[in-house]
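**Student:** Shown below is the structure under consideration.
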Amino acid sequence: MPGAERERWAEEMRRRLERRMERARPSDERLAERARLLNERLFGGRLRWTSIGFAQMSHLWGSCTFTMGAIRIATRAASLPEWVIDYLVVHELAHLEHSDHGPAFHELENRYPLTERARGYLMAIDQAAALKA
């Protein structure tokens with residue numbers, strides 16, 4: 001392959017990799033948009049939070065500081081399918097109204113149609129990690 005063509009293909013592959021990496025990179029803006037859409041669709045837009053973003057967490061998939069309205073999703077979740085990330089966001093949004101995991105919390109959480117499936121997906125990941133340890 002001539003040198004000029006090699007350079008052209010190398011540049012094309014670099015651009016493709018950059019686009020792929022950009023899609024996989026955790027984005028707080030992406031989470032904020034997903035939260036806004038899910039809040040509107042599932043909760044009528046009534047829930048309010050002060051911040052939402054990715055954060056380093058080794059054991060939890062997400063957290064919600066109920067009193068402050070701060071939501072964090074584990075950075076390691078960024079590579080999961082969108083529907084699983086949506087579940088994590090919905091779970092933490094539900095904590096804005098209910099700090100516990102009681103029946104009222106689950107009523108809110110179960111408004112997301114893929115809740116049970118996403119829970120199973122995350123349980124399988126956690127189980128596989130436990131077996132490796």
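Letters for chains follow the order of the structure tokens (A, B, ...), residue numbers begin at 1 for each chain, and ligand numbers begin at 1 in the order shown.
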I'd like a table as a tab-separated table: residues in region 60-85 of chain A with an atom no more than 9 Å from region 116-127 of chain A, each row giving the shortest atom pair and its distance in Å to one decimal, only C-alpha atoms counted, sorted by chain and rising residue number.
**Tutor:**
```
residue	atom	partner	partner_atom	distance
A:Trp61	CA	A:Leu122	CA	8.6
A:Trp83	CA	A:Ala118	CA	7.4
A:Val84	CA	A:Ala118	CA	5.2
A:Ile85	CA	A:Ala118	CA	8.6
```
**Student:** If you run DSSP on this backbone, which residues of region 21-87 of chain A come out as helix (DSSP H, G or I), and could you give them as a PyMOL selection string?
**Tutor:** chain A and resi 21-24+28-43+75-79+82-87
**Student:** Find the residue from A:Arg30, A:Arg8, A:Arg14, A:Arg41 that sits nearest to Phe54 (chain A); use only C-alpha atoms when measuring.
**Tutor:**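 Residue with the minimum atom-to-atom distance to Phe54 (chain A): A:Arg30.
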**Student:** For Glu107 (chain A), work out the shell of residues within 12 Å, counting only C-alpha atoms and skipping chain neighbours fewer than 4 positions away, then give it as a ChimeraX atom specification.
**Tutor:** /A:42-43,90-91,94-95,97-98,101-103,111-113,115
**Student:** By how many Å are CA of Glu29 (chain A) and CA of Ile52 (chain A) apart?
**Tutor:**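 Distance reported for this atom pair: 8.5 Å.
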**Student:** Write down as a ChimeraX atom specification the residues belonging to region 20-132 of chain A that are assigned strand (DSSP E or B) by DSSP computed on the backbone.
**Tutor:** /A:51-55,62-65,70-74
**Student:** Please report the interatomic distance between CA of Asp28 (chain A) and CA of Ala78 (chain A) in Å with one decimal.
**Tutor:** 10.2 Å
**Student:** Name all residues at most 9 Å from Thr75 (chain A) (count only C-alpha atoms; drop same-chain ones fewer than 5 positions away) and give them as a PDB file with N, CA and C atoms, in the first residue's frame.
**Tutor:**
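Final file, selection18.pdb:
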```
ATOM      1  N   PRO A  26     -17.775   8.253  30.049  1.00  0.00           N
ATOM      2  CA  PRO A  26     -18.852   8.704  30.942  1.00  0.00           C
ATOM      3  C   PRO A  26     -19.106  10.198  30.755  1.00  0.00           C
ATOM      4  N   GLY A  53     -24.247  12.834  38.209  1.00  0.00           N
ATOM      5  CA  GLY A  53     -23.009  12.599  37.485  1.00  0.00           C
ATOM      6  C   GLY A  53     -22.411  11.247  37.804  1.00  0.00           C
ATOM      7  N   PHE A  54     -21.401  10.915  37.045  1.00  0.00           N
ATOM      8  CA  PHE A  54     -20.655   9.688  37.288  1.00  0.00           C
ATOM      9  C   PHE A  54     -19.640   9.924  38.396  1.00  0.00           C
ATOM     10  N   ALA A  55     -19.373   8.891  39.185  1.00  0.00           N
ATOM     11  CA  ALA A  55     -18.392   8.972  40.268  1.00  0.00           C
ATOM     12  C   ALA A  55     -17.752   7.600  40.460  1.00  0.00           C
ATOM     13  N   GLN A  56     -16.542   7.610  40.952  1.00  0.00           N
ATOM     14  CA  GLN A  56     -15.846   6.359  41.239  1.00  0.00           C
ATOM     15  C   GLN A  56     -16.503   5.681  42.444  1.00  0.00           C
ATOM     16  N   MET A  57     -16.984   4.469  42.239  1.00  0.00           N
ATOM     17  CA  MET A  57     -17.581   3.655  43.305  1.00  0.00           C
ATOM     18  C   MET A  57     -17.158   2.227  43.046  1.00  0.00           C
ATOM     19  N   TRP A  61     -23.606   0.659  42.694  1.00  0.00           N
ATOM     20  CA  TRP A  61     -23.867   1.059  41.317  1.00  0.00           C
ATOM     21  C   TRP A  61     -24.318   2.506  41.252  1.00  0.00           C
TER      22      TRP A  61
END
```
**Student:** My list of candidates is A:Leu108, A:Ala128, A:Met1, A:Leu60. Which is closest to Gly44 (chain A) when distances are computed with only C-alpha atoms?
**Tutor:**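 For Gly44 (chain A), the nearest of the given residues is A:Leu108.
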**Student:** Between A:Ala35, A:Met68, A:Met13, A:Leu131, which has the minimum distance to Val89 (chain A) (counting only C-alpha atoms)?
**Tutor:** A:Ala35
**Student:** Find the distance between CA of Ala77 (chain A) and CA of Asn39 (chain A) and write it in Å to one decimal.
**Tutor:**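 A separation of 19.7 Å between them.
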**Student:** Which one of A:Leu96, A:Leu47, A:Ala32, A:Leu38 sits closest to Phe66 (chain A) if you count only C-alpha atoms?
**Tutor:** A:Leu96
